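Pasted below: target13.tsv, TSV, C-alpha atoms.
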chain	number	residue	atom	x	y	z
A	1	MET	CA	8.30	-9.78	14.68
A	2	ASN	CA	11.44	-8.65	12.92
A	3	ALA	CA	14.68	-9.65	14.64
A	4	LYS	CA	17.00	-7.61	12.42
A	5	VAL	CA	19.38	-5.23	14.17
A	6	ARG	CA	18.92	-1.85	12.52
A	7	ALA	CA	20.84	1.42	12.56
A	8	PRO	CA	19.49	4.12	14.92
A	9	ARG	CA	18.19	6.25	12.03
A	10	ASN	CA	16.68	3.32	10.16
A	11	ARG	CA	12.98	4.10	9.66
A	12	THR	CA	11.99	0.84	7.99
A	13	LEU	CA	8.42	0.03	8.93
A	14	THR	CA	8.04	-3.22	10.88
A	15	LEU	CA	5.32	-5.09	12.75
A	16	ALA	CA	5.21	-6.24	16.34
A	17	PRO	CA	3.32	-9.49	17.06
A	18	ASP	CA	0.44	-7.63	18.71
A	19	GLU	CA	0.15	-5.39	15.64
A	20	VAL	CA	-0.15	-8.42	13.36
A	21	ASN	CA	-2.99	-9.71	15.54
A	22	ALA	CA	-4.75	-6.35	15.39
A	23	TYR	CA	-4.29	-5.60	11.69
A	24	ARG	CA	-5.21	-9.08	10.47
A	25	MET	CA	-8.70	-8.46	11.90
A	26	ASN	CA	-9.22	-5.79	9.21
A	27	LEU	CA	-8.24	-7.98	6.26
A	28	ALA	CA	-11.03	-9.08	3.93
A	29	HIS	CA	-11.60	-12.64	2.71
A	30	LEU	CA	-13.88	-13.73	-0.12
A	31	SER	CA	-15.87	-16.94	-0.08
A	32	ALA	CA	-18.26	-15.99	-2.90
A	33	PRO	CA	-18.64	-13.40	-5.68
A	34	ALA	CA	-18.35	-9.91	-4.20
A	35	LYS	CA	-20.07	-6.60	-4.85
A	36	LEU	CA	-17.94	-3.48	-5.16
A	37	SER	CA	-19.47	-2.02	-2.02
A	38	GLN	CA	-18.20	-5.02	-0.05
A	39	ILE	CA	-14.55	-4.70	-1.02
A	40	GLU	CA	-13.96	-1.00	-1.74
A	41	ASN	CA	-11.16	0.37	0.45
A	42	LYS	CA	-10.30	-3.15	1.58
A	43	ILE	CA	-7.22	-5.33	1.48
A	44	ILE	CA	-8.08	-8.89	0.56
A	45	HIS	CA	-5.71	-11.45	2.05
A	46	GLN	CA	-6.03	-14.27	-0.47
A	47	ASN	CA	-4.48	-15.87	-3.50
A	48	LEU	CA	-5.49	-13.77	-6.51
A	49	PHE	CA	-5.86	-16.85	-8.69
A	50	GLU	CA	-8.46	-18.36	-6.32
A	51	ILE	CA	-10.73	-15.30	-6.33
A	52	LEU	CA	-10.34	-13.92	-9.86
A	53	ASN	CA	-13.83	-15.00	-10.88
A	54	TRP	CA	-15.36	-13.47	-7.75
A	55	LEU	CA	-14.20	-9.92	-8.46
A	56	PRO	CA	-16.93	-7.49	-9.60
A	57	HIS	CA	-17.20	-6.64	-13.29
A	58	ALA	CA	-16.66	-3.22	-14.90
A	59	GLY	CA	-15.93	-1.24	-11.75
A	60	VAL	CA	-12.21	-0.42	-11.93
A	61	ASP	CA	-10.99	2.94	-13.26
A	62	LEU	CA	-7.27	2.25	-12.85
A	63	LEU	CA	-5.53	-1.12	-12.69
A	64	PHE	CA	-1.94	-1.17	-11.42
A	65	LEU	CA	-0.06	-4.43	-11.95
A	66	ASP	CA	3.27	-5.20	-10.31
A	67	PRO	CA	3.45	-9.00	-10.63
A	68	PRO	CA	6.59	-11.04	-9.94
A	69	TYR	CA	9.15	-10.40	-12.63
A	70	ASN	CA	10.62	-13.40	-14.41
A	71	LEU	CA	13.29	-13.87	-11.77
A	72	THR	CA	13.76	-16.29	-8.91
A	73	LYS	CA	12.91	-14.19	-5.87
A	74	THR	CA	11.55	-14.88	-2.40
A	75	PHE	CA	8.72	-12.77	-1.00
A	76	ASN	CA	8.74	-13.57	2.72
A	77	THR	CA	7.25	-17.10	2.72
A	78	THR	CA	6.65	-17.43	-1.04
A	79	THR	CA	9.19	-17.93	-3.82
A	80	PHE	CA	8.62	-17.15	-7.50
A	81	ARG	CA	10.93	-19.15	-9.75
A	82	GLN	CA	12.29	-18.00	-13.08
A	83	GLN	CA	10.74	-19.62	-16.15
A	84	THR	CA	11.44	-19.65	-19.85
A	85	LEU	CA	10.07	-16.59	-21.59
A	86	ASP	CA	7.31	-18.65	-23.22
A	87	GLU	CA	6.31	-20.11	-19.85
A	88	TYR	CA	6.25	-16.66	-18.25
A	89	GLN	CA	4.10	-15.32	-21.08
A	90	GLU	CA	1.65	-18.20	-20.64
A	91	TRP	CA	1.53	-17.67	-16.87
A	92	PHE	CA	1.05	-13.91	-17.33
A	93	GLU	CA	-1.83	-14.31	-19.75
A	94	SER	CA	-3.55	-16.97	-17.58
A	95	TRP	CA	-4.60	-14.37	-15.00
A	96	PHE	CA	-4.29	-11.17	-17.05
A	97	ALA	CA	-7.15	-12.10	-19.36
A	98	SER	CA	-9.50	-12.69	-16.42
A	99	LEU	CA	-8.65	-9.31	-14.87
A	100	MET	CA	-9.88	-7.50	-17.97
A	101	LYS	CA	-13.51	-8.06	-16.95
A	102	THR	CA	-12.97	-5.86	-13.87
A	103	LEU	CA	-12.24	-2.78	-16.01
A	104	LYS	CA	-14.55	0.01	-17.01
A	105	PRO	CA	-14.51	0.76	-20.78
A	106	THR	CA	-12.63	3.99	-19.95
A	107	ALA	CA	-10.05	2.36	-17.65
A	108	SER	CA	-6.28	2.70	-17.74
A	109	VAL	CA	-3.81	-0.07	-16.93
A	110	TYR	CA	-0.17	0.21	-15.85
A	111	ILE	CA	2.01	-2.92	-15.95
A	112	CYS	CA	5.43	-3.12	-14.30
A	113	GLY	CA	8.21	-5.25	-15.71
A	114	ASP	CA	11.87	-5.39	-16.66
A	115	TRP	CA	13.90	-6.04	-19.79
A	116	ARG	CA	13.86	-9.82	-19.32
A	117	SER	CA	10.07	-10.07	-19.47
A	118	GLY	CA	9.37	-7.06	-21.68
A	119	SER	CA	8.46	-8.91	-24.87
A	120	ALA	CA	6.04	-11.20	-23.03
A	121	ILE	CA	4.30	-8.28	-21.33
A	122	GLN	CA	4.09	-6.31	-24.57
A	123	TRP	CA	2.58	-9.26	-26.44
A	124	VAL	CA	-0.07	-10.03	-23.82
A	125	ALA	CA	-0.95	-6.38	-23.19
A	126	SER	CA	-1.35	-5.71	-26.93
A	127	LYS	CA	-3.72	-8.65	-27.23
A	128	TYR	CA	-6.21	-7.28	-24.72
A	129	LEU	CA	-5.56	-3.54	-24.48
A	130	ILE	CA	-4.30	-0.53	-26.40
A	131	VAL	CA	-0.67	0.05	-25.48
A	132	GLN	CA	-0.25	3.82	-25.35
A	133	ASN	CA	3.36	4.08	-24.18
A	134	ARG	CA	6.16	2.49	-22.19
A	135	ILE	CA	7.64	4.39	-19.26
A	136	THR	CA	11.20	3.76	-18.16
A	137	TRP	CA	12.12	4.82	-14.65
A	138	GLU	CA	15.58	5.01	-13.13
A	139	ARG	CA	15.65	2.98	-9.94
A	140	GLU	CA	19.37	3.61	-9.26
A	141	LYS	CA	19.77	0.95	-6.63
A	142	GLY	CA	21.30	-2.48	-6.55
A	143	ARG	CA	24.58	-4.24	-6.98
A	144	GLY	CA	27.21	-3.15	-9.45
A	145	ALA	CA	28.15	-5.35	-12.39
A	146	LYS	CA	31.69	-6.13	-13.55
A	147	ALA	CA	30.93	-8.11	-16.70
A	148	ASN	CA	27.74	-6.33	-17.76
A	149	TRP	CA	25.96	-2.99	-17.57
A	150	LYS	CA	24.45	-2.33	-14.15
A	151	ASN	CA	20.68	-2.81	-14.29
A	152	SER	CA	19.24	0.42	-12.87
A	153	SER	CA	15.96	0.84	-14.73
A	154	GLU	CA	12.54	-0.76	-14.94
A	155	ASP	CA	9.63	-0.35	-17.33
A	156	ILE	CA	5.94	0.38	-16.93
A	157	TRP	CA	3.53	-0.19	-19.83
A	158	PHE	CA	0.75	2.39	-20.01
A	159	CYS	CA	-2.35	0.83	-21.59
A	160	THR	CA	-6.02	1.70	-21.96
A	161	ALA	CA	-9.17	-0.33	-22.44
A	162	SER	CA	-10.22	1.98	-25.29
A	163	GLU	CA	-9.31	5.31	-26.87
A	164	ASP	CA	-11.79	6.96	-24.50
A	165	TYR	CA	-9.63	7.37	-21.40
A	166	TYR	CA	-8.71	10.00	-18.83
A	167	PHE	CA	-5.27	11.62	-18.64
A	168	ASP	CA	-4.49	14.77	-16.61
A	169	VAL	CA	-1.17	16.15	-17.78
A	170	GLU	CA	-1.48	19.22	-15.56
A	171	ALA	CA	-1.52	17.05	-12.44
A	172	VAL	CA	1.86	15.45	-13.12
A	173	LYS	CA	4.13	18.27	-14.22
A	174	LEU	CA	7.70	18.22	-12.99
A	175	LYS	CA	9.43	21.21	-11.42
A	176	ARG	CA	13.00	21.37	-12.68
A	177	ARG	CA	15.90	23.69	-12.00
A	178	VAL	CA	16.74	26.01	-14.88
A	179	ILE	CA	20.46	25.64	-15.55
A	180	ALA	CA	20.69	28.11	-18.46
A	181	PRO	CA	17.88	30.64	-17.95
A	182	TYR	CA	16.71	32.30	-21.15
A	183	LYS	CA	15.09	35.75	-21.14
A	184	ASP	CA	13.11	37.54	-23.83
A	185	GLU	CA	14.00	40.87	-25.40
A	186	ASN	CA	12.50	42.70	-22.40
A	187	GLY	CA	14.60	40.79	-19.93
A	188	ASN	CA	11.74	38.67	-18.60
A	189	PRO	CA	12.09	34.95	-17.90
A	190	LYS	CA	10.76	32.86	-20.78
A	191	ASP	CA	8.80	29.79	-19.66
A	192	TRP	CA	10.43	29.73	-16.22
A	193	GLU	CA	10.14	31.37	-12.82
A	194	GLU	CA	12.82	33.49	-11.21
A	195	THR	CA	12.83	33.41	-7.40
A	196	GLU	CA	15.25	34.41	-4.67
A	197	ASN	CA	15.80	30.71	-4.01
A	198	GLY	CA	16.57	29.71	-7.58
A	199	ASN	CA	15.19	29.40	-11.09
A	200	TYR	CA	12.57	26.76	-11.89
A	201	ARG	CA	10.42	25.59	-14.76
A	202	LEU	CA	7.33	23.39	-14.82
A	203	THR	CA	7.79	20.81	-17.55
A	204	HIS	CA	5.47	18.33	-19.19
A	205	PRO	CA	6.06	14.74	-18.07
A	206	SER	CA	7.85	12.37	-20.42
A	207	ASN	CA	8.09	8.58	-20.49
A	208	LEU	CA	11.57	8.76	-18.92
A	209	TRP	CA	11.35	9.19	-15.14
A	210	THR	CA	14.61	10.13	-13.43
A	211	ASP	CA	13.07	11.87	-10.43
A	212	VAL	CA	11.94	8.78	-8.48
A	213	SER	CA	13.91	7.21	-5.63
A	214	VAL	CA	13.27	3.63	-4.59
A	215	PRO	CA	12.42	3.38	-0.87
A	216	PHE	CA	15.49	3.01	1.29
A	217	TRP	CA	16.14	2.57	5.01
A	218	SER	CA	15.95	6.22	6.05
A	219	MET	CA	12.52	6.78	4.45
A	220	PRO	CA	9.45	6.17	6.62
A	221	GLU	CA	7.62	4.50	3.73
A	222	ASN	CA	10.29	1.78	3.51
A	223	THR	CA	9.46	-1.82	4.40
A	224	ASP	CA	11.29	-5.12	4.07
A	225	HIS	CA	9.35	-6.02	0.91
A	226	PRO	CA	12.03	-6.82	-1.71
A	227	THR	CA	10.36	-5.08	-4.66
A	228	GLN	CA	8.48	-2.21	-3.02
A	229	LYS	CA	7.53	0.61	-5.37
A	230	PRO	CA	7.94	4.22	-4.18
A	231	GLU	CA	4.91	6.30	-3.26
A	232	LYS	CA	6.04	9.04	-5.65
A	233	LEU	CA	5.87	6.64	-8.60
A	234	LEU	CA	2.32	5.61	-7.74
A	235	ALA	CA	1.33	9.23	-7.19
A	236	LYS	CA	2.31	10.06	-10.77
A	237	ILE	CA	0.24	7.19	-12.14
A	238	ILE	CA	-2.81	7.77	-9.94
A	239	LEU	CA	-2.92	11.53	-10.53
A	240	ALA	CA	-2.44	11.18	-14.29
A	241	SER	CA	-4.97	8.42	-14.90
A	242	SER	CA	-7.73	8.76	-12.32
A	243	ARG	CA	-10.01	11.34	-10.76
A	244	ALA	CA	-10.77	11.84	-7.09
A	245	GLY	CA	-13.24	9.15	-6.05
A	246	ASP	CA	-12.17	6.71	-8.78
A	247	LEU	CA	-11.40	3.08	-7.96
A	248	VAL	CA	-7.82	1.75	-8.14
A	249	LEU	CA	-7.15	-2.00	-8.12
A	250	ASP	CA	-3.81	-3.62	-7.29
A	251	PRO	CA	-3.95	-7.45	-7.40
A	252	PHE	CA	-0.31	-7.83	-6.27
A	253	LEU	CA	-0.40	-5.28	-3.46
A	254	GLY	CA	2.78	-6.23	-1.60
A	255	SER	CA	3.31	-3.87	1.33
A	256	GLY	CA	0.53	-1.57	0.20
A	257	THR	CA	1.97	1.38	-1.69
A	258	THR	CA	-0.85	1.57	-4.24
A	259	ALA	CA	-3.58	1.52	-1.59
A	260	VAL	CA	-1.74	4.03	0.60
A	261	VAL	CA	-1.22	6.55	-2.21
A	262	ALA	CA	-4.78	6.09	-3.46
A	263	LYS	CA	-5.99	6.91	0.05
A	264	LYS	CA	-3.72	9.95	0.32
A	265	LEU	CA	-5.01	11.24	-3.03
A	266	ASN	CA	-8.71	10.65	-2.25
A	267	ARG	CA	-9.22	7.63	-4.49
A	268	LYS	CA	-10.89	4.35	-3.57
A	269	TYR	CA	-8.79	1.21	-3.64
A	270	ILE	CA	-8.89	-2.57	-3.62
A	271	GLY	CA	-5.71	-4.47	-2.83
A	272	ILE	CA	-5.12	-8.22	-3.01
A	273	GLU	CA	-2.13	-9.75	-1.23
A	274	LEU	CA	-1.26	-13.38	-0.59
A	275	ASP	CA	1.25	-12.85	2.23
A	276	GLU	CA	-0.28	-11.96	5.60
A	277	MET	CA	2.72	-10.00	6.89
A	278	TYR	CA	2.75	-7.74	3.85
A	279	ALA	CA	-1.03	-7.32	4.02
A	280	CYS	CA	-0.74	-6.28	7.68
A	281	LEU	CA	2.09	-3.86	6.82
A	282	ALA	CA	-0.25	-2.33	4.25
A	283	GLN	CA	-2.93	-1.95	6.93
A	284	LYS	CA	-0.45	-0.21	9.21
A	285	ARG	CA	0.60	2.16	6.45
A	286	LEU	CA	-3.05	2.92	5.72
A	287	ALA	CA	-3.61	3.74	9.38
A	288	TRP	CA	-0.65	6.14	9.31
A	289	ALA	CA	-2.03	7.75	6.14
A	290	GLU	CA	-5.00	8.89	8.21
A	291	ARG	CA	-2.79	11.58	9.76
A	292	ASP	CA	0.05	11.89	7.25
A	293	THR	CA	-0.93	12.48	3.63
A	294	SER	CA	2.50	13.68	2.46
A	295	ILE	CA	4.29	12.04	-0.46
A	296	GLN	CA	8.04	12.48	-0.66
A	297	GLY	CA	9.00	14.54	-3.71
A	298	TYR	CA	5.47	15.84	-4.32
A	299	ALA	CA	4.12	19.06	-2.82
A	300	ASN	CA	1.82	21.93	-3.72
A	301	GLY	CA	0.50	20.08	-6.76
A	302	VAL	CA	3.85	19.49	-8.47
A	303	PHE	CA	6.55	16.84	-8.57
A	304	TRP	CA	10.13	17.87	-7.86
A	305	GLU	CA	13.37	16.60	-9.30
A	306	ARG	CA	15.03	13.87	-7.27
A	307	ASN	CA	17.03	15.31	-4.36
A	308	ALA	CA	15.46	18.74	-4.84
A	309	MET	CA	13.34	18.40	-1.72
A	310	ASN	CA	14.17	17.64	1.88
A	311	ASP	CA	12.09	15.38	4.04
A	312	ALA	CA	12.07	17.51	7.19
A	313	ARG	CA	10.54	15.42	9.94
A	314	ASP	CA	10.26	16.01	13.63
A	315	SER	CA	11.18	12.44	14.54
A	316	ALA	CA	11.08	13.13	18.25
A	317	THR	CA	7.47	14.31	18.46
A	318	HIS	CA	5.77	12.89	15.36
A	319	PRO	CA	7.97	10.38	13.50
A	320	ASP	CA	5.31	9.42	10.98
A	321	THR	CA	4.32	12.91	9.84
A	322	ALA	CA	6.28	14.76	7.16
A	323	GLU	CA	6.50	18.32	5.97
A	324	LEU	CA	8.21	18.45	2.61
A	325	VAL	CA	10.48	21.46	2.31
A	326	PRO	CA	12.11	22.48	-0.99
A	327	LEU	CA	15.88	22.64	-1.12
A	328	PHE	CA	17.23	25.28	-3.45
A	329	GLU	CA	20.95	24.59	-3.46
A	330	ILE	CA	22.22	23.52	-6.87
Turn the structure described in the file into structure tokens.
Amino acid sequence: MNAKVRAPRNRTLTLAPDEVNAYRMNLAHLSAPAKLSQIENKIIHQNLFEILNWLPHAGVDLLFLDPPYNLTKTFNTTTFRQQTLDEYQEWFESWFASLMKTLKPTASVYICGDWRSGSAIQWVASKYLIVQNRITWEREKGRGAKANWKNSSEDIWFCTASEDYYFDVEAVKLKRRVIAPYKDENGNPKDWEETENGNYRLTHPSNLWTDVSVPFWSMPENTDHPTQKPEKLLAKIILASSRAGDLVLDPFLGSGTTAVVAKKLNRKYIGIELDEMYACLAQKRLAWAERDTSIQGYANGVFWERNAMNDARDSATHPDTAELVPLFEI
């Protein structure tokens, strides 16, 4: 299906025509209001705006929103065109308000955006939810800029439906190298661990994420989706703001990262995606997640600093299965 000529080590996930035919058979389609039991752990291949009123009420524990940013960008066969900020805010609210009915009173909501659309997102989110924080993550990818600062960050608004919400800080601690190890008066490490492979400390997560890498061509999770979010980013959100068995909804699923990570972390999911190719890519990734539950940069219950782990894969015998091995060189 994809005619691009790729480098030998390029692991970008693609679809053959026979795979499209097979995976499209598993896509859901709504023609009437649905019950949760009918669409749990399903990818719905439809226009979100046509089925908004058919989604079940008060069933979602975690809503992840990665809508088109206010930029002109093509997503396979669909193009989103940049609007004025007022127009984008009006468009955003037109579907955002309807999604609120899907939330449980204890639900959390994460909304992705960039600096161009930030004020619109903040205004709409504050109208319907409690904005708890804004996360900035370093994406460190993209073209350089000669007459401006290179844009290498994006934002995620963390919101809740009420002040009664779930947050597990222990599940999202970051393991960092200790550059200047401090010891107490008895010579024991203070708040860090000394090992033969290096010195490390578990730290509480902040709203500045510098440990996430955007998917690139040598990573098996990579697809040709132009705005694909990394699995590690979704893992942080899902582990922090949901319990095992909770339901995660992504109405702009893209190539499926939210559904895949929810599956790997034993959550239920509902994904909605307009483009059939991306929906089928998501189905393929879900099938692979049956036998590979690894998430790059996350192992043994902790997240690691970027480039502190090595993705050691036996590409000859099992190219889709990963064993994450820590690297200790500083």
For segment 224-236 of chain A, find every residue with an atom within 9 Å (counting only C-alpha atoms), except residues of its own chain fewer than 2 positions away, and show them as a VMD selection string.
chain A and resid 12 to 14 64 66 68 73 to 76 137 171 to 172 209 211 to 215 221 to 222 238 to 241 254 to 258 260 to 262 265 278 295 to 298 303
File dump, residues just selected, C-alpha atoms, as a PDB file, in the coordinates of the input:
ATOM      1  CA  THR A  12      11.990   0.840   7.990  1.00  0.00           C
ATOM      2  CA  LEU A  13       8.420   0.030   8.930  1.00  0.00           C
ATOM      3  CA  THR A  14       8.040  -3.220  10.880  1.00  0.00           C
ATOM      4  CA  PHE A  64      -1.940  -1.170 -11.420  1.00  0.00           C
ATOM      5  CA  ASP A  66       3.270  -5.200 -10.310  1.00  0.00           C
ATOM      6  CA  PRO A  68       6.590 -11.040  -9.940  1.00  0.00           C
ATOM      7  CA  LYS A  73      12.910 -14.190  -5.870  1.00  0.00           C
ATOM      8  CA  THR A  74      11.550 -14.880  -2.400  1.00  0.00           C
ATOM      9  CA  PHE A  75       8.720 -12.770  -1.000  1.00  0.00           C
ATOM     10  CA  ASN A  76       8.740 -13.570   2.720  1.00  0.00           C
ATOM     11  CA  TRP A 137      12.120   4.820 -14.650  1.00  0.00           C
ATOM     12  CA  ALA A 171      -1.520  17.050 -12.440  1.00  0.00           C
ATOM     13  CA  VAL A 172       1.860  15.450 -13.120  1.00  0.00           C
ATOM     14  CA  TRP A 209      11.350   9.190 -15.140  1.00  0.00           C
ATOM     15  CA  ASP A 211      13.070  11.870 -10.430  1.00  0.00           C
ATOM     16  CA  VAL A 212      11.940   8.780  -8.480  1.00  0.00           C
ATOM     17  CA  SER A 213      13.910   7.210  -5.630  1.00  0.00           C
ATOM     18  CA  VAL A 214      13.270   3.630  -4.590  1.00  0.00           C
ATOM     19  CA  PRO A 215      12.420   3.380  -0.870  1.00  0.00           C
ATOM     20  CA  GLU A 221       7.620   4.500   3.730  1.00  0.00           C
ATOM     21  CA  ASN A 222      10.290   1.780   3.510  1.00  0.00           C
ATOM     22  CA  ILE A 238      -2.810   7.770  -9.940  1.00  0.00           C
ATOM     23  CA  LEU A 239      -2.920  11.530 -10.530  1.00  0.00           C
ATOM     24  CA  ALA A 240      -2.440  11.180 -14.290  1.00  0.00           C
ATOM     25  CA  SER A 241      -4.970   8.420 -14.900  1.00  0.00           C
ATOM     26  CA  GLY A 254       2.780  -6.230  -1.600  1.00  0.00           C
ATOM     27  CA  SER A 255       3.310  -3.870   1.330  1.00  0.00           C
ATOM     28  CA  GLY A 256       0.530  -1.570   0.200  1.00  0.00           C
ATOM     29  CA  THR A 257       1.970   1.380  -1.690  1.00  0.00           C
ATOM     30  CA  THR A 258      -0.850   1.570  -4.240  1.00  0.00           C
ATOM     31  CA  VAL A 260      -1.740   4.030   0.600  1.00  0.00           C
ATOM     32  CA  VAL A 261      -1.220   6.550  -2.210  1.00  0.00           C
ATOM     33  CA  ALA A 262      -4.780   6.090  -3.460  1.00  0.00           C
ATOM     34  CA  LEU A 265      -5.010  11.240  -3.030  1.00  0.00           C
ATOM     35  CA  TYR A 278       2.750  -7.740   3.850  1.00  0.00           C
ATOM     36  CA  ILE A 295       4.290  12.040  -0.460  1.00  0.00           C
ATOM     37  CA  GLN A 296       8.040  12.480  -0.660  1.00  0.00           C
ATOM     38  CA  GLY A 297       9.000  14.540  -3.710  1.00  0.00           C
ATOM     39  CA  TYR A 298       5.470  15.840  -4.320  1.00  0.00           C
ATOM     40  CA  PHE A 303       6.550  16.840  -8.570  1.00  0.00           C
TER      41      PHE A 303
END
Between atom CA of Asp250 of chain A and atom CA of Trp217 of chain A, measure the distance and give it in Å to one decimal.
24.2 Å
For Asp191 of chain A, find every residue with an atom within 12 Å (counting all atoms listed in the file), except residues of its own chain fewer than 4 positions away, and show them as an MDAnalysis selection string.
chainID A and resid 175:176 178 181:184 199:204
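Between atom CA of Gln38 of chain A and atom CA of Glu273 of chain A there is a distance of 16.8 Å.
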I'd like the interatomic distance between atom CA of Leu253 of chain A and atom CA of Glu40 of chain A, to a tenth of an Å.
14.3 Å
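Distances from A:Trp54, A:Phe80, A:Tyr69, A:Tyr166 to Ser98 of chain A were compared using all atoms listed in the file, and the smallest one belongs to A:Trp54.
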Counting only C-alpha atoms, which residue out of A:Asn151, A:Lys190, A:Ser218, A:His29 sits closest to Pro8 of chain A?
A:Ser218
